[in-house]
file my_file-v7.cif (mmCIF, C-alpha atoms and all ligand atoms)
data_run
#
loop_
_atom_site.label_atom_id
_atom_site.label_comp_id
_atom_site.auth_asym_id
_atom_site.auth_seq_id
_atom_site.Cartn_x
_atom_site.Cartn_y
_atom_site.Cartn_z
CA MET A 54 -25.29 -46.62 -29.82
CA SER A 55 -24.20 -47.02 -33.41
CA ASP A 56 -24.11 -45.35 -36.80
CA PRO A 57 -26.61 -47.03 -39.15
CA VAL A 58 -25.02 -45.50 -42.26
CA TYR A 59 -21.50 -46.72 -41.57
CA ASP A 60 -22.78 -50.04 -40.18
CA SER A 61 -24.37 -50.67 -43.58
CA ILE A 62 -21.38 -49.57 -45.71
CA ALA A 63 -18.51 -50.71 -43.45
CA THR A 64 -17.02 -53.17 -45.97
CA GLU A 65 -17.41 -50.85 -48.97
CA TYR A 66 -15.95 -47.94 -47.00
CA LYS A 67 -12.96 -50.07 -46.05
CA THR A 68 -12.50 -50.98 -49.74
CA SER A 69 -12.57 -47.27 -50.65
CA LYS A 70 -9.19 -46.99 -48.94
CA LEU A 71 -7.79 -48.71 -52.07
CA ILE A 72 -8.66 -45.69 -54.25
CA PRO A 73 -5.28 -44.16 -55.19
CA PHE A 74 -5.83 -40.65 -53.74
CA ARG A 75 -6.18 -42.24 -50.30
CA LYS A 76 -2.57 -43.40 -50.46
CA TYR A 77 -0.87 -40.73 -52.55
CA ILE A 78 -2.57 -37.70 -50.98
CA GLU A 79 -4.64 -38.52 -47.88
CA ALA A 80 -2.18 -40.86 -46.14
CA HIS A 81 0.85 -38.88 -47.28
CA THR A 82 -0.58 -35.58 -45.98
CA LEU A 83 -1.64 -37.15 -42.70
CA MET A 84 1.65 -38.91 -41.99
CA ASN A 85 3.56 -35.69 -42.75
CA LEU A 86 1.36 -33.84 -40.28
CA VAL A 87 1.71 -36.40 -37.47
CA GLY A 88 5.52 -36.54 -37.80
CA ASP A 89 7.51 -38.57 -35.29
CA LEU A 90 5.19 -40.88 -33.34
CA GLU A 91 7.83 -42.71 -31.30
CA GLY A 92 6.50 -43.38 -27.77
CA LYS A 93 3.32 -41.30 -28.24
CA SER A 94 -0.11 -42.12 -26.84
CA ILE A 95 -2.81 -41.51 -29.45
CA LEU A 96 -6.59 -41.28 -29.42
CA ASP A 97 -7.96 -41.74 -32.95
CA LEU A 98 -11.51 -40.36 -32.98
CA ALA A 99 -13.75 -41.66 -35.80
CA CYS A 100 -11.14 -44.36 -36.39
CA GLY A 101 -13.41 -46.32 -38.76
CA GLU A 102 -11.96 -49.76 -39.41
CA GLY A 103 -8.68 -48.64 -37.89
CA ILE A 104 -6.49 -48.15 -40.95
CA TYR A 105 -4.69 -45.13 -39.50
CA ALA A 106 -4.69 -46.34 -35.89
CA ARG A 107 -2.75 -49.40 -37.05
CA LYS A 108 -0.42 -47.25 -39.15
CA PHE A 109 0.34 -45.02 -36.14
CA LYS A 110 1.14 -48.06 -34.00
CA LEU A 111 3.39 -49.52 -36.70
CA HIS A 112 5.17 -46.13 -36.90
CA GLY A 113 6.20 -46.30 -33.25
CA ALA A 114 3.26 -45.02 -31.19
CA ARG A 115 3.33 -46.51 -27.69
CA GLU A 116 -0.44 -46.96 -27.48
CA VAL A 117 -3.33 -46.22 -29.79
CA THR A 118 -7.01 -46.21 -28.91
CA GLY A 119 -9.50 -45.96 -31.76
CA VAL A 120 -13.07 -44.82 -31.10
CA ASP A 121 -15.91 -44.90 -33.61
CA LEU A 122 -19.67 -44.48 -33.46
CA SER A 123 -20.26 -47.43 -35.82
CA SER A 124 -20.13 -50.87 -34.23
CA GLY A 125 -19.79 -52.29 -37.76
CA MET A 126 -16.59 -50.33 -38.31
CA ILE A 127 -15.22 -51.32 -34.89
CA GLU A 128 -15.97 -54.99 -35.65
CA LEU A 129 -13.88 -54.68 -38.82
CA ALA A 130 -11.09 -53.07 -36.81
CA TRP A 131 -11.04 -55.97 -34.33
CA GLU A 132 -11.23 -58.53 -37.17
CA GLU A 133 -8.10 -57.01 -38.70
CA GLU A 134 -6.46 -56.97 -35.27
CA LEU A 135 -7.16 -60.70 -34.91
CA ILE A 136 -5.57 -61.41 -38.31
CA LYS A 137 -2.49 -59.29 -37.64
CA SER A 138 -2.19 -57.89 -34.14
CA THR A 139 -0.73 -54.40 -33.82
CA GLY A 140 -1.76 -53.84 -30.19
CA CYS A 141 -4.31 -51.14 -30.95
CA HIS A 142 -7.42 -50.96 -28.81
CA PHE A 143 -10.79 -50.23 -30.42
CA VAL A 144 -14.03 -49.16 -28.80
CA VAL A 145 -17.48 -47.98 -29.88
CA GLY A 146 -18.13 -44.44 -28.67
CA ASP A 147 -19.56 -41.07 -29.63
CA ALA A 148 -16.93 -38.36 -29.98
CA ARG A 149 -19.56 -35.74 -29.12
CA ASN A 150 -19.74 -36.90 -25.51
CA LEU A 151 -16.86 -39.35 -24.97
CA ARG A 152 -15.16 -39.01 -21.59
CA VAL A 153 -12.45 -41.45 -20.53
CA GLN A 154 -10.16 -41.05 -17.51
CA LYS A 155 -7.06 -40.59 -19.62
CA GLN A 156 -5.20 -37.95 -21.60
CA PHE A 157 -3.18 -38.42 -24.78
CA ASP A 158 -0.17 -36.84 -26.50
CA LEU A 159 -1.99 -36.72 -29.82
CA ILE A 160 -5.62 -36.87 -30.91
CA THR A 161 -6.48 -37.48 -34.54
CA GLY A 162 -9.79 -36.93 -36.26
CA ILE A 163 -9.53 -38.22 -39.80
CA TYR A 164 -12.89 -37.11 -41.23
CA LEU A 165 -14.37 -36.55 -37.77
CA LEU A 166 -15.23 -32.84 -37.57
CA ASN A 167 -17.12 -32.84 -40.87
CA TYR A 168 -19.81 -34.86 -39.04
CA ALA A 169 -20.73 -31.80 -36.98
CA GLN A 170 -24.10 -30.70 -38.34
CA SER A 171 -24.10 -27.45 -36.39
CA ARG A 172 -21.79 -25.12 -34.51
CA GLU A 173 -23.07 -26.74 -31.26
CA GLU A 174 -21.99 -30.21 -32.42
CA LEU A 175 -18.59 -28.88 -33.44
CA VAL A 176 -18.26 -27.42 -29.93
CA GLN A 177 -19.05 -30.88 -28.51
CA PHE A 178 -16.36 -32.54 -30.66
CA CYS A 179 -13.79 -29.88 -29.75
CA LYS A 180 -14.57 -30.11 -26.02
CA THR A 181 -13.96 -33.87 -26.20
CA ILE A 182 -10.61 -33.21 -27.89
CA VAL A 183 -9.56 -30.60 -25.31
CA HIS A 184 -10.67 -32.82 -22.41
CA HIS A 185 -8.46 -35.71 -23.60
CA LEU A 186 -5.28 -33.85 -24.59
CA LYS A 187 -2.32 -33.67 -22.22
CA PRO A 188 -0.93 -30.15 -21.68
CA GLY A 189 0.97 -29.36 -24.88
CA GLY A 190 -0.83 -32.16 -26.74
CA ARG A 191 -1.78 -31.80 -30.41
CA PHE A 192 -4.89 -32.37 -32.48
CA LEU A 193 -4.51 -33.30 -36.16
CA GLY A 194 -7.32 -33.80 -38.60
CA ILE A 195 -8.14 -34.54 -42.19
CA ASN A 196 -11.45 -33.03 -43.15
CA ASP A 197 -13.81 -32.22 -45.95
CA ASN A 198 -12.40 -28.92 -47.23
CA PRO A 199 -14.83 -26.10 -46.37
CA PHE A 200 -12.97 -23.80 -48.81
CA ASN A 201 -13.85 -26.17 -51.68
CA SER A 202 -16.45 -24.53 -53.92
CA PRO A 203 -19.56 -26.64 -54.70
CA GLU A 204 -18.93 -25.79 -58.36
CA ARG A 205 -16.05 -28.26 -58.20
CA TYR A 206 -17.93 -31.02 -56.39
CA SER A 207 -18.69 -33.10 -59.48
CA SER A 208 -15.17 -32.78 -60.88
CA TYR A 209 -13.41 -35.50 -58.88
CA GLU A 210 -14.78 -38.51 -60.74
CA LYS A 211 -11.37 -39.29 -62.23
CA TYR A 212 -10.09 -39.59 -58.66
CA GLY A 213 -12.71 -42.18 -57.76
CA PHE A 214 -15.38 -40.11 -56.02
CA ILE A 215 -17.80 -37.23 -56.35
CA LYS A 216 -19.27 -34.75 -53.90
CA GLU A 217 -22.78 -33.26 -54.01
CA SER A 218 -24.61 -30.69 -51.92
CA PRO A 219 -27.78 -28.61 -52.10
CA ARG A 220 -27.59 -25.54 -54.34
CA ASN A 221 -26.38 -22.47 -52.45
CA ARG A 222 -24.70 -24.58 -49.80
CA GLN A 223 -25.45 -23.21 -46.33
CA GLU A 224 -24.12 -23.85 -42.83
CA GLY A 225 -25.22 -27.36 -41.76
CA ASP A 226 -26.02 -28.59 -45.29
CA TYR A 227 -25.05 -32.11 -46.27
CA ILE A 228 -22.11 -32.85 -48.56
CA ARG A 229 -22.70 -36.28 -50.03
CA TYR A 230 -19.62 -38.28 -50.99
CA THR A 231 -19.96 -41.25 -53.33
CA MET A 232 -16.84 -43.39 -53.54
CA TYR A 233 -16.30 -45.60 -56.63
CA ASN A 234 -14.02 -48.42 -55.58
CA PRO A 235 -11.46 -50.24 -57.74
CA ASP A 236 -13.46 -53.50 -57.35
CA ARG A 237 -16.56 -51.64 -58.71
CA SER A 238 -18.31 -51.60 -55.33
CA PHE A 239 -19.32 -48.13 -54.14
CA CYS A 240 -20.68 -46.33 -51.12
CA SER A 241 -22.26 -42.99 -50.24
CA PHE A 242 -22.22 -41.07 -47.00
CA ASP A 243 -22.92 -37.51 -45.88
CA ASN A 244 -20.55 -35.00 -44.35
CA TYR A 245 -21.83 -31.58 -43.28
CA TYR A 246 -20.73 -28.10 -44.25
CA LEU A 247 -19.62 -25.58 -41.66
CA SER A 248 -17.75 -22.49 -42.80
CA PRO A 249 -14.01 -22.04 -42.23
CA GLU A 250 -14.89 -19.14 -39.90
CA THR A 251 -17.06 -21.43 -37.75
CA TYR A 252 -14.20 -23.92 -37.44
CA GLU A 253 -11.73 -21.18 -36.54
CA GLU A 254 -14.06 -19.56 -33.98
CA VAL A 255 -15.03 -22.84 -32.31
CA PHE A 256 -11.43 -23.99 -32.05
CA ALA A 257 -10.50 -20.71 -30.38
CA GLU A 258 -13.45 -20.62 -27.99
CA THR A 259 -12.97 -24.23 -26.82
CA GLY A 260 -9.26 -23.74 -26.08
CA LEU A 261 -7.72 -25.42 -29.14
CA ARG A 262 -4.95 -22.97 -29.93
CA TYR A 263 -2.52 -22.42 -32.83
CA PHE A 264 -5.17 -23.60 -35.29
CA SER A 265 -3.94 -24.03 -38.89
CA TRP A 266 -5.31 -25.36 -42.14
CA HIS A 267 -2.91 -27.53 -44.16
CA LEU A 268 -3.30 -27.97 -47.89
CA PRO A 269 -2.96 -31.59 -48.98
CA GLU A 270 0.32 -32.77 -50.44
CA VAL A 271 0.99 -35.41 -53.04
CA SER A 272 3.61 -38.04 -52.27
CA PRO A 273 7.05 -37.49 -53.89
CA ASP A 274 6.75 -40.53 -56.17
CA GLN A 275 3.63 -38.94 -57.74
CA SER A 276 4.65 -35.28 -57.68
CA SER A 277 5.36 -35.07 -61.40
CA ASN A 278 2.19 -36.92 -62.37
CA PRO A 279 -0.22 -34.40 -63.98
CA HIS A 280 -3.14 -36.64 -63.01
CA TRP A 281 -3.13 -34.97 -59.57
CA ASP A 282 -3.04 -31.34 -60.83
CA HIS A 283 -6.78 -30.72 -60.60
CA PHE A 284 -6.99 -32.32 -57.16
CA MET A 285 -4.18 -30.13 -55.88
CA GLU A 286 -5.59 -26.97 -57.47
CA TYR A 287 -9.07 -27.51 -56.00
CA PRO A 288 -8.45 -29.71 -52.97
CA PRO A 289 -11.62 -31.49 -51.86
CA ILE A 290 -10.04 -32.37 -48.51
CA ILE A 291 -7.79 -30.45 -46.13
CA GLY A 292 -5.61 -31.01 -43.10
CA MET A 293 -5.95 -29.16 -39.81
CA SER A 294 -3.84 -28.86 -36.68
CA ALA A 295 -4.17 -27.31 -33.24
CA ALA A 296 -2.76 -27.71 -29.75
CA VAL A 297 -3.68 -27.02 -26.13
C1 LIG B 301 -15.21 -41.17 -43.45
S1 LIG B 301 -15.13 -42.31 -42.10
C2 LIG B 301 -13.43 -42.18 -41.63
C3 LIG B 301 -12.90 -43.36 -40.89
C4 LIG B 301 -11.39 -43.35 -40.68
N1 LIG B 301 -10.95 -42.21 -39.92
C5 LIG B 301 -10.69 -43.42 -42.00
O1 LIG B 301 -10.04 -42.44 -42.39
O2 LIG B 301 -10.80 -44.45 -42.66
C6 LIG B 301 -15.94 -41.42 -40.84
C7 LIG B 301 -16.16 -42.19 -39.56
O3 LIG B 301 -16.66 -41.29 -38.58
C8 LIG B 301 -17.48 -42.03 -37.71
N2 LIG B 301 -18.28 -41.09 -36.92
C9 LIG B 301 -19.27 -40.25 -37.36
N3 LIG B 301 -19.77 -39.55 -36.32
C10 LIG B 301 -19.08 -39.95 -35.22
C11 LIG B 301 -19.14 -39.61 -33.83
N4 LIG B 301 -20.04 -38.72 -33.39
N5 LIG B 301 -18.30 -40.21 -32.98
C12 LIG B 301 -17.40 -41.14 -33.42
N6 LIG B 301 -17.30 -41.52 -34.71
C13 LIG B 301 -18.13 -40.92 -35.60
C14 LIG B 301 -18.27 -42.92 -38.66
O4 LIG B 301 -18.87 -44.01 -38.00
C15 LIG B 301 -17.16 -43.33 -39.65
O5 LIG B 301 -16.55 -44.54 -39.30
#
call {"tool": "encode", "arguments": {"input": "my_file-v7.cif", "output": "structure tokens", "more": "lines below"}}
Ligand SMILES: C[S@@+](CC[C@H](N)C(=O)[O-])C[C@H]1O[C@@H](n2cnc3c(N)ncnc32)[C@H](O)[C@@H]1O
result
Amino acid sequence: MSDPVYDSIATEYKTSKLIPFRKYIEAHTLMNLVGDLEGKSILDLACGEGIYARKFKLHGAREVTGVDLSSGMIELAWEEELIKSTGCHFVVGDARNLRVQKQFDLITGIYLLNYAQSREELVQFCKTIVHHLKPGGRFLGINDNPFNSPERYSSYEKYGFIKESPRNRQEGDYIRYTMYNPDRSFCSFDNYYLSPETYEEVFAETGLRYFSWHLPEVSPDQSSNPHWDHFMEYPPIIGMSAAV
């Protein structure tokens, strides 16, 4: 089991975390959503090379398990753990059918659900989340923004990436991201479009309650920087939360 796309771009994807929007918007929005992590057990689905799993542990989480389909990404996560141990645990697994004998206070999916290519796959992801949440546990995600009009997809170049999709984007269509890294390396990968209504219906029918979308936020030290205005007006990514 592995993900050939992410295996082949693992290093470039990791480098894309140096693009400024990752820090000033993505990480800021996510850390605001997760709130106080002291003593929490966390399952980070689609953890990639573990950037957020490590951050959660360093912010007080009691235990963090990261799961990713790509063995290349998980290798990078363990490499980083060997350099500077945080106590996170990383494992290769498919979030569509993962079942471990454990439940968690918090499950995160930072660009997980946008890999569902159909309503059925989204159901699989959501069932995995529900299965592994303790009663009262929360799910938090960062996702490709399904409200983002394809007309805007090419307009994010100044933020270090572009999005592309077929004309007349339909349910299940690819959304190709190309990230242009500060060191001039780049990588492309596909997310998939499902409508906001599909997300909302599938969350409700799988037992993920109190579902909310969360617009991204820019960190306070950048809030008066007009550079981010277009990003904030037409957010290409979005946060989401739910609970059982
Ligand atoms: C855009 S990356 C995000 C990684 C990490 N969350 C981050 O923010 O850096 C998406 C990740 O989702 C993983 N992925 C895709 N489908 C998956 C699945 N079915 N189960 C687990 N991981 C999956 C990919 O291997 C990739 O590492």
call {"tool": "atom_distance", "arguments": {"input": "my_file-v7.cif", "atom1": "CA of Thr251 (chain A)", "atom2": "CA of Val176 (chain A)"}}
result
9.9 Å
call {"tool": "atom_distance", "arguments": {"input": "my_file-v7.cif", "atom1": "CA of Arg152 (chain A)", "atom2": "CA of Glu132 (chain A)"}}
result
25.3 Å
call {"tool": "atom_distance", "arguments": {"input": "my_file-v7.cif", "atom1": "CA of Phe192 (chain A)", "atom2": "CA of Asp158 (chain A)"}}
result
8.8 Å
call {"tool": "closest_residue", "arguments": {"input": "my_file-v7.cif", "among": "A:Lys108, A:Arg237, A:Arg220, A:Lys180", "to": "Ser138 (chain A)", "atoms": "all atoms listed in the file"}}
result
A:Lys108
call {"tool": "closest_residue", "arguments": {"input": "my_file-v7.cif", "among": "A:Glu174, A:Asp226, A:Asp121, A:Asp282", "to": "ligand LIG 301 (chain B)", "atoms": "all atoms listed in the file"}}
result
A:Asp121
call {"tool": "residues_around", "arguments": {"input": "my_file-v7.cif", "residues": "region 269-278 of chain A", "least_positions_apart": "2", "cutoff": "8 Å", "atoms": "all atoms listed in the file", "output": "list in words"}}
result
Tyr77, Ile78, Glu79, His81, Thr82, His267, His280, Trp281, Asp282, Met285, Pro288, Ile290, Ile291 and Gly292 of chain A
call {"tool": "residues_near_ligand", "arguments": {"input": "my_file-v7.cif", "ligand": "ligand LIG 301 (chain B)", "cutoff": "9 Å", "atoms": "all atoms listed in the file", "output": "PyMOL selection string"}}
result
chain A and resi 55-60+63+66-67+69-70+75+79-80+97-106+120-127+145-151+161-169+174+178+195-196+242-244
call {"tool": "residues_around", "arguments": {"input": "my_file-v7.cif", "residues": "Thr139 (chain A)", "least_positions_apart": "2", "cutoff": "9 Å", "atoms": "only C-alpha atoms", "output": "number ranges by chain"}}
result
A: 107-108, 110-111, 134, 137, 141
call {"tool": "residues_near_point", "arguments": {"input": "my_file-v7.cif", "point": "(-9.0, -26.4, -24.5)", "cutoff": "8 Å", "atoms": "only C-alpha atoms", "output": "JSON, numbers by chain"}}
result
{"A": [179, 180, 182, 183, 184, 259, 260, 261, 262, 297]}
call {"tool": "residues_around", "arguments": {"input": "my_file-v7.cif", "residues": "Ser207 (chain A)", "least_positions_apart": "5", "cutoff": "12 Å", "atoms": "all atoms listed in the file", "output": "tab-separated table (two decimals) with C-alpha atoms, in the frame of the given file"}}
result
chain	number	residue	atom	x	y	z
A	201	ASN	CA	-13.85	-26.17	-51.68
A	202	SER	CA	-16.45	-24.53	-53.92
A	212	TYR	CA	-10.09	-39.59	-58.66
A	213	GLY	CA	-12.71	-42.18	-57.76
A	214	PHE	CA	-15.38	-40.11	-56.02
A	215	ILE	CA	-17.80	-37.23	-56.35
A	216	LYS	CA	-19.27	-34.75	-53.90
A	217	GLU	CA	-22.78	-33.26	-54.01
A	218	SER	CA	-24.61	-30.69	-51.92
A	228	ILE	CA	-22.11	-32.85	-48.56
A	229	ARG	CA	-22.70	-36.28	-50.03
A	230	TYR	CA	-19.62	-38.28	-50.99
A	231	THR	CA	-19.96	-41.25	-53.33
A	284	PHE	CA	-6.99	-32.32	-57.16
A	287	TYR	CA	-9.07	-27.51	-56.00
A	289	PRO	CA	-11.62	-31.49	-51.86
call {"tool": "closest_residue", "arguments": {"input": "my_file-v7.cif", "among": "A:Glu133, A:His283, A:Lys155, A:Ile160", "to": "Arg205 (chain A)", "atoms": "all atoms listed in the file"}}
result
A:His283
call {"tool": "residues_around", "arguments": {"input": "my_file-v7.cif", "residues": "Glu116 (chain A)", "least_positions_apart": "4", "cutoff": "9 Å", "atoms": "all atoms listed in the file", "output": "PDB file with C-alpha atoms, in the coordinates of the input"}}
result
ATOM      1  CA  GLY A  92       6.500 -43.380 -27.770  1.00  0.00           C
ATOM      2  CA  LYS A  93       3.320 -41.300 -28.240  1.00  0.00           C
ATOM      3  CA  SER A  94      -0.110 -42.120 -26.840  1.00  0.00           C
ATOM      4  CA  ILE A  95      -2.810 -41.510 -29.450  1.00  0.00           C
ATOM      5  CA  LEU A  96      -6.590 -41.280 -29.420  1.00  0.00           C
ATOM      6  CA  PHE A 109       0.340 -45.020 -36.140  1.00  0.00           C
ATOM      7  CA  LYS A 110       1.140 -48.060 -34.000  1.00  0.00           C
ATOM      8  CA  GLY A 140      -1.760 -53.840 -30.190  1.00  0.00           C
ATOM      9  CA  CYS A 141      -4.310 -51.140 -30.950  1.00  0.00           C
ATOM     10  CA  HIS A 142      -7.420 -50.960 -28.810  1.00  0.00           C
TER      11      HIS A 142
END
call {"tool": "axis_aligned_box", "arguments": {"input": "my_file-v7.cif", "around": "region 98-106 of chain A", "padding_each_side": "8 Å", "output": "JSON"}}
result
{"center_x": -9.2, "center_y": -45.1, "center_z": -37.0, "size_x": 25.1, "size_y": 25.4, "size_z": 24.0}
call {"tool": "closest_residue", "arguments": {"input": "my_file-v7.cif", "among": "A:Arg191, A:Tyr252, A:Glu91, A:Glu128", "to": "His112 (chain A)", "atoms": "all atoms listed in the file"}}
result
A:Glu91
call {"tool": "closest_residue", "arguments": {"input": "my_file-v7.cif", "among": "A:Arg172, A:Glu286, A:Glu253, A:Met293", "to": "Tyr209 (chain A)", "atoms": "only C-alpha atoms"}}
result
A:Glu286
call {"tool": "closest_residue", "arguments": {"input": "my_file-v7.cif", "among": "A:Tyr227, A:Leu175, A:Asp197, A:Leu268", "to": "Phe256 (chain A)", "atoms": "all atoms listed in the file"}}
result
A:Leu175
call {"tool": "build_atoms", "arguments": {"input": "my_file-v7.cif", "residues": "region 87-117 of chain A", "atoms": "N, CA and C atoms", "output": "compact mmCIF listing (two decimals), in the frame of the given file"}}
result
# COMPACT_ATOMS: atom_id res chain seq x y z
N VAL A 87 1.52 -35.79 -38.80
CA VAL A 87 1.71 -36.40 -37.47
C VAL A 87 3.19 -36.43 -37.10
N GLY A 88 4.08 -36.56 -38.09
CA GLY A 88 5.52 -36.54 -37.80
C GLY A 88 5.95 -37.74 -36.97
N ASP A 89 6.92 -37.49 -36.07
CA ASP A 89 7.51 -38.57 -35.29
C ASP A 89 6.52 -39.07 -34.23
N LEU A 90 6.20 -40.34 -34.27
CA LEU A 90 5.19 -40.88 -33.34
C LEU A 90 5.82 -41.72 -32.23
N GLU A 91 7.13 -41.82 -32.23
CA GLU A 91 7.83 -42.71 -31.30
C GLU A 91 7.40 -42.44 -29.85
N GLY A 92 6.85 -43.46 -29.19
CA GLY A 92 6.50 -43.38 -27.77
C GLY A 92 5.22 -42.60 -27.46
N LYS A 93 4.50 -42.15 -28.48
CA LYS A 93 3.32 -41.30 -28.24
C LYS A 93 2.08 -42.12 -27.90
N SER A 94 1.22 -41.54 -27.06
CA SER A 94 -0.11 -42.12 -26.84
C SER A 94 -1.09 -41.36 -27.74
N ILE A 95 -1.95 -42.12 -28.43
CA ILE A 95 -2.81 -41.51 -29.45
C ILE A 95 -4.26 -41.96 -29.27
N LEU A 96 -5.15 -40.99 -29.37
CA LEU A 96 -6.59 -41.28 -29.42
C LEU A 96 -7.04 -40.94 -30.84
N ASP A 97 -7.51 -41.95 -31.56
CA ASP A 97 -7.96 -41.74 -32.95
C ASP A 97 -9.48 -41.72 -32.95
N LEU A 98 -10.05 -40.51 -33.02
CA LEU A 98 -11.51 -40.36 -32.98
C LEU A 98 -12.08 -40.54 -34.39
N ALA A 99 -13.19 -41.28 -34.50
CA ALA A 99 -13.75 -41.66 -35.80
C ALA A 99 -12.73 -42.51 -36.55
N CYS A 100 -12.24 -43.52 -35.85
CA CYS A 100 -11.14 -44.36 -36.39
C CYS A 100 -11.60 -45.26 -37.53
N GLY A 101 -12.94 -45.42 -37.72
CA GLY A 101 -13.41 -46.32 -38.76
C GLY A 101 -12.91 -47.73 -38.50
N GLU A 102 -12.45 -48.38 -39.57
CA GLU A 102 -11.96 -49.76 -39.41
C GLU A 102 -10.50 -49.79 -38.98
N GLY A 103 -9.96 -48.66 -38.58
CA GLY A 103 -8.68 -48.64 -37.89
C GLY A 103 -7.45 -48.52 -38.75
N ILE A 104 -7.65 -48.17 -40.04
CA ILE A 104 -6.49 -48.15 -40.95
C ILE A 104 -5.37 -47.24 -40.43
N TYR A 105 -5.74 -46.04 -39.94
CA TYR A 105 -4.69 -45.13 -39.50
C TYR A 105 -4.22 -45.43 -38.08
N ALA A 106 -5.12 -45.93 -37.25
CA ALA A 106 -4.69 -46.34 -35.89
C ALA A 106 -3.56 -47.37 -36.01
N ARG A 107 -3.78 -48.36 -36.87
CA ARG A 107 -2.75 -49.40 -37.05
C ARG A 107 -1.47 -48.79 -37.60
N LYS A 108 -1.60 -47.88 -38.56
CA LYS A 108 -0.42 -47.25 -39.15
C LYS A 108 0.37 -46.48 -38.08
N PHE A 109 -0.35 -45.78 -37.19
CA PHE A 109 0.34 -45.02 -36.14
C PHE A 109 1.12 -45.97 -35.24
N LYS A 110 0.48 -47.10 -34.90
CA LYS A 110 1.14 -48.06 -34.00
C LYS A 110 2.38 -48.63 -34.68
N LEU A 111 2.25 -48.95 -35.97
CA LEU A 111 3.39 -49.52 -36.70
C LEU A 111 4.50 -48.49 -36.92
N HIS A 112 4.15 -47.19 -36.79
CA HIS A 112 5.17 -46.13 -36.90
C HIS A 112 5.70 -45.72 -35.53
N GLY A 113 5.51 -46.55 -34.53
CA GLY A 113 6.20 -46.30 -33.25
C GLY A 113 5.37 -45.78 -32.10
N ALA A 114 4.07 -45.50 -32.32
CA ALA A 114 3.26 -45.02 -31.19
C ALA A 114 3.27 -46.07 -30.08
N ARG A 115 3.29 -45.59 -28.84
CA ARG A 115 3.33 -46.51 -27.69
C ARG A 115 1.97 -47.18 -27.52
N GLU A 116 0.90 -46.39 -27.60
CA GLU A 116 -0.44 -46.96 -27.48
C GLU A 116 -1.42 -46.15 -28.32
N VAL A 117 -2.34 -46.88 -28.93
CA VAL A 117 -3.33 -46.22 -29.79
C VAL A 117 -4.71 -46.76 -29.45
